[in-house]
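Enquirer: One structure, pasted below without further comment.
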Amino acid sequence: SSSIIASFSPSSCGIRVRSGASASCVKRHQRIFPSITHTTSPSHYHHYPQLKIQMDDENDNSTKRKIDSILEQVDPLEIRLDATLLAIYVLCRFLFYDVTTGVKQTPGWELHDAIMLLQTLSSAIVLSALWTLVGVFGTGLFQYDATNDDNNVWNKPLINAIISAPLWVLIEVAFGWPTAGVFWLESTGGNRDLGGSFLGDQEWSLLFSLMGAGFLGVGFMMVLGRYLRQYIA
(Lines give C-alpha, C1' and ligand atoms only; values in the text may rest on other atoms or scores of the structure.)
Protein backbone atom coordinates (compact mmCIF):
# COMPACT_ATOMS: atom_id res chain seq x y z
CA SER A 1 0.00 0.00 0.00
CA SER A 2 1.19 3.50 -0.69
CA SER A 3 1.91 5.91 2.15
CA ILE A 4 2.83 9.58 2.35
CA ILE A 5 5.79 10.84 4.38
CA ALA A 6 7.37 14.28 4.98
CA SER A 7 10.95 14.44 6.10
CA PHE A 8 11.66 18.15 6.32
CA SER A 9 9.45 21.05 5.37
CA PRO A 10 10.39 22.84 2.09
CA SER A 11 11.05 26.05 4.01
CA SER A 12 13.62 24.43 6.30
CA CYS A 13 15.70 22.04 4.15
CA GLY A 14 14.27 22.10 0.65
CA ILE A 15 13.29 18.39 0.68
CA ARG A 16 9.92 17.86 -0.96
CA VAL A 17 7.13 15.59 0.18
CA ARG A 18 7.37 12.25 -1.59
CA SER A 19 4.48 9.92 -2.21
CA GLY A 20 4.49 6.20 -2.93
CA ALA A 21 7.36 5.44 -0.60
CA SER A 22 7.81 1.90 0.60
CA ALA A 23 7.15 0.81 4.18
CA SER A 24 10.90 0.25 4.75
CA CYS A 25 11.61 3.78 3.60
CA VAL A 26 9.02 5.12 6.04
CA LYS A 27 10.57 3.18 8.91
CA ARG A 28 14.06 4.34 7.95
CA HIS A 29 12.94 7.98 8.00
CA GLN A 30 11.19 7.47 11.33
CA ARG A 31 14.37 6.03 12.85
CA ILE A 32 16.54 8.90 11.58
CA PHE A 33 14.08 11.73 12.05
CA PRO A 34 11.55 10.53 14.64
CA SER A 35 10.48 14.00 15.71
CA ILE A 36 9.83 15.41 12.22
CA THR A 37 8.64 12.40 10.19
CA HIS A 38 4.87 12.32 10.22
CA THR A 39 1.91 11.86 8.01
CA THR A 40 0.53 14.81 6.10
CA SER A 41 -2.79 14.61 7.89
CA PRO A 42 -3.87 17.77 9.76
CA SER A 43 -3.05 16.11 13.07
CA HIS A 44 0.71 16.58 12.50
CA TYR A 45 0.41 20.29 13.29
CA HIS A 46 0.01 19.53 16.97
CA HIS A 47 3.83 19.28 17.24
CA TYR A 48 4.33 22.99 16.72
CA PRO A 49 2.12 24.42 19.51
CA GLN A 50 3.76 22.01 21.93
CA LEU A 51 7.20 23.23 20.84
CA LYS A 52 6.14 26.86 21.23
CA ILE A 53 4.72 26.22 24.71
CA GLN A 54 7.93 24.45 25.71
CA MET A 55 10.05 27.39 24.48
CA ASP A 56 7.81 29.88 26.33
CA ASP A 57 8.15 27.85 29.52
CA GLU A 58 11.94 27.79 29.15
CA ASN A 59 12.02 31.58 28.63
CA ASP A 60 9.80 32.12 31.68
CA ASN A 61 12.02 29.86 33.78
CA SER A 62 15.14 31.66 32.55
CA THR A 63 13.65 35.06 33.45
CA LYS A 64 12.58 33.77 36.85
CA ARG A 65 16.08 32.42 37.52
CA LYS A 66 17.62 35.78 36.62
CA ILE A 67 15.24 37.65 38.94
CA ASP A 68 15.87 35.16 41.76
CA SER A 69 19.62 35.52 41.25
CA ILE A 70 19.37 39.32 41.53
CA LEU A 71 17.15 39.20 44.61
CA GLU A 72 19.49 36.78 46.37
CA GLN A 73 22.27 39.40 46.21
CA VAL A 74 20.13 42.18 47.71
CA ASP A 75 20.78 43.43 51.25
CA PRO A 76 17.33 44.13 52.83
CA LEU A 77 18.88 46.30 55.55
CA GLU A 78 20.22 48.76 52.97
CA ILE A 79 16.76 49.00 51.39
CA ARG A 80 15.14 49.75 54.76
CA LEU A 81 17.73 52.38 55.61
CA ASP A 82 17.34 54.14 52.27
CA ALA A 83 13.53 53.98 52.44
CA THR A 84 13.60 55.52 55.93
CA LEU A 85 15.91 58.30 54.77
CA LEU A 86 13.71 59.03 51.75
CA ALA A 87 10.57 59.16 53.89
CA ILE A 88 12.27 61.64 56.26
CA TYR A 89 13.30 63.77 53.27
CA VAL A 90 9.77 63.87 51.82
CA LEU A 91 8.20 64.76 55.19
CA CYS A 92 10.77 67.49 55.88
CA ARG A 93 10.22 68.84 52.39
CA PHE A 94 6.48 69.07 53.02
CA LEU A 95 6.96 70.72 56.43
CA PHE A 96 9.32 73.30 54.94
CA TYR A 97 6.75 74.07 52.23
CA ASP A 98 3.95 74.28 54.78
CA VAL A 99 5.88 76.68 57.01
CA THR A 100 6.82 78.98 54.13
CA THR A 101 3.25 79.31 52.81
CA GLY A 102 2.23 81.72 55.56
CA VAL A 103 -0.15 81.67 58.50
CA LYS A 104 -3.35 79.63 58.24
CA GLN A 105 -6.58 81.59 58.20
CA THR A 106 -8.25 79.04 60.49
CA PRO A 107 -6.08 77.70 63.32
CA GLY A 108 -6.18 74.02 64.24
CA TRP A 109 -6.25 70.68 62.49
CA GLU A 110 -8.62 70.42 59.52
CA LEU A 111 -9.65 67.71 57.07
CA HIS A 112 -7.55 69.38 54.39
CA ASP A 113 -4.47 68.99 56.58
CA ALA A 114 -5.12 65.26 57.01
CA ILE A 115 -5.53 64.82 53.24
CA MET A 116 -2.29 66.68 52.59
CA LEU A 117 -0.47 64.49 55.11
CA LEU A 118 -1.82 61.29 53.55
CA GLN A 119 -0.78 62.52 50.10
CA THR A 120 2.70 63.27 51.43
CA LEU A 121 2.98 59.75 52.85
CA SER A 122 1.82 58.35 49.49
CA SER A 123 4.52 60.42 47.79
CA ALA A 124 7.14 59.01 50.16
CA ILE A 125 6.01 55.45 49.39
CA VAL A 126 6.19 56.08 45.64
CA LEU A 127 9.68 57.57 45.88
CA SER A 128 10.92 54.69 48.05
CA ALA A 129 9.45 52.14 45.62
CA LEU A 130 11.04 53.80 42.57
CA TRP A 131 14.37 54.15 44.36
CA THR A 132 14.33 50.47 45.37
CA LEU A 133 13.37 49.19 41.91
CA VAL A 134 16.11 51.19 40.20
CA GLY A 135 18.65 50.17 42.84
CA VAL A 136 17.81 46.47 42.69
CA PHE A 137 17.35 45.93 38.95
CA GLY A 138 19.33 48.84 37.54
CA THR A 139 22.37 50.13 39.40
CA GLY A 140 22.96 47.24 41.83
CA LEU A 141 22.92 49.70 44.73
CA PHE A 142 21.81 47.14 47.32
CA GLN A 143 24.07 44.18 46.53
CA TYR A 144 25.83 42.51 49.45
CA ASP A 145 29.26 42.63 47.81
CA ALA A 146 28.94 46.33 46.99
CA THR A 147 27.81 47.73 50.35
CA ASN A 148 31.34 48.96 51.17
CA ASP A 149 32.11 50.20 47.67
CA ASP A 150 32.77 53.92 47.18
CA ASN A 151 30.50 53.83 44.13
CA ASN A 152 27.61 53.13 46.51
CA VAL A 153 28.28 56.45 48.20
CA TRP A 154 28.68 58.69 45.15
CA ASN A 155 28.02 57.32 41.68
CA LYS A 156 25.19 54.83 42.17
CA PRO A 157 23.02 57.06 44.41
CA LEU A 158 23.31 59.90 41.89
CA ILE A 159 22.37 57.60 39.02
CA ASN A 160 19.46 56.31 41.07
CA ALA A 161 18.36 59.89 41.73
CA ILE A 162 18.62 60.84 38.04
CA ILE A 163 16.20 58.05 37.13
CA SER A 164 13.81 57.85 40.08
CA ALA A 165 13.48 61.49 41.22
CA PRO A 166 12.07 62.98 37.96
CA LEU A 167 9.55 60.12 37.72
CA TRP A 168 8.55 60.73 41.32
CA VAL A 169 8.04 64.46 40.67
CA LEU A 170 5.94 63.72 37.58
CA ILE A 171 3.70 61.45 39.67
CA GLU A 172 3.32 64.19 42.29
CA VAL A 173 2.38 66.70 39.61
CA ALA A 174 -0.05 64.32 37.91
CA PHE A 175 -1.93 63.59 41.17
CA GLY A 176 -1.57 67.02 42.70
CA TRP A 177 0.35 65.72 45.72
CA PRO A 178 2.50 68.00 47.82
CA THR A 179 4.95 69.42 47.38
CA ALA A 180 5.59 69.55 43.63
CA GLY A 181 1.98 68.82 42.71
CA VAL A 182 0.57 71.60 44.89
CA PHE A 183 3.16 74.06 43.63
CA TRP A 184 2.30 73.09 40.05
CA LEU A 185 -1.43 73.63 40.63
CA GLU A 186 -0.85 77.00 42.23
CA SER A 187 1.45 78.11 39.40
CA THR A 188 -0.80 76.92 36.55
CA GLY A 189 -4.16 77.95 37.92
CA GLY A 190 -5.24 74.49 39.06
CA ASN A 191 -4.72 72.74 35.72
CA ARG A 192 -3.44 69.14 36.01
CA ASP A 193 -3.25 68.56 32.26
CA LEU A 194 0.26 67.43 31.29
CA GLY A 195 -0.58 67.06 27.62
CA GLY A 196 1.43 68.77 24.92
CA SER A 197 -1.48 71.05 23.97
CA PHE A 198 -1.48 72.65 27.42
CA LEU A 199 2.25 72.86 28.11
CA GLY A 200 3.71 76.08 26.81
CA ASP A 201 7.23 77.38 27.28
CA GLN A 202 6.53 78.52 30.83
CA GLU A 203 4.90 75.23 31.80
CA TRP A 204 7.77 73.18 30.36
CA SER A 205 10.26 75.39 32.18
CA LEU A 206 8.36 74.97 35.44
CA LEU A 207 8.10 71.20 35.01
CA PHE A 208 11.80 70.77 34.29
CA SER A 209 12.63 73.04 37.24
CA LEU A 210 10.54 70.85 39.55
CA MET A 211 12.19 67.67 38.24
CA GLY A 212 15.63 69.23 38.57
CA ALA A 213 14.91 70.33 42.13
CA GLY A 214 13.68 66.82 42.93
CA PHE A 215 16.87 65.28 41.57
CA LEU A 216 19.09 67.69 43.49
CA GLY A 217 17.21 67.18 46.74
CA VAL A 218 17.06 63.38 46.55
CA GLY A 219 20.61 63.09 45.25
CA PHE A 220 22.09 65.32 47.95
CA MET A 221 20.10 63.63 50.74
CA MET A 222 21.05 60.08 49.71
CA VAL A 223 24.72 60.85 49.08
CA LEU A 224 24.95 62.58 52.46
CA GLY A 225 23.12 59.76 54.23
CA ARG A 226 25.24 57.02 52.67
CA TYR A 227 28.43 58.96 53.35
CA LEU A 228 27.55 59.31 57.03
CA ARG A 229 26.58 55.62 57.25
CA GLN A 230 29.79 54.38 55.68
CA TYR A 231 32.44 56.74 57.00
CA ILE A 232 31.02 58.30 60.18
CA ALA A 233 28.66 55.79 61.80
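Chain labels run A, B, ... following the order of the C-alpha coordinates; each chain numbers its residues from 1, and ligands are numbered from 1 in the order shown.
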Quick one: residues within 12 Å of segment 128-132 of chain A, only C-alpha atoms, excluding same-chain residues fewer than 3 positions away - as a PyMOL selection string?

Expert: chain A and resi 71+74-90+121-125+135-143+156-169+171+215+218-219+222

Enquirer: Looking only at the backbone, which of the residues in segment 43-211 of chain A does DSSP tag as helix (DSSP H, G or I), as a PyMOL selection string?

Expert: chain A and resi 43-72+76-100+111-139+144-146+150-152+155-175+180-188+201-211

Enquirer: Identify, on the basis of only C-alpha atoms, every residue whose closest approach to Leu210 of chain A does not exceed 7 Å; exclude the query and any residue fewer than 4 positions from it along the same chain; express the result as a PyMOL selection string.

Expert: chain A and resi 169+180+206+214

Enquirer: For Met221 of chain A, which residue out of A:Ser205, A:Arg93, A:Val173, A:Gly181 is the nearest one, using only C-alpha atoms?

Expert: A:Arg93

Enquirer: Quick one: pull the distance between atom CA of Trp177 of chain A and atom CA of Phe96 of chain A, Å, one decimal.

Expert: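 Between these atoms lies a distance of 14.9 Å.
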
Enquirer: Looking at A:Gly176, A:Asp68, A:Asn191, A:Arg229, which one is nearest to Ile115 of chain A, with distances taken over only C-alpha atoms?

Expert: A:Gly176

Enquirer: Looking at A:Gln105, A:Asp145, A:Thr179, A:Cys92, which one is nearest to Ala213 of chain A, with distances taken over only C-alpha atoms?

Expert: A:Thr179

Enquirer: Quote the spacing between atom CA of Tyr231 of chain A and atom CA of Leu133 of chain A in Å to one decimal place.

Expert: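 So the two atoms, atom CA of Tyr231 of chain A and atom CA of Leu133 of chain A, lie 25.5 Å apart.
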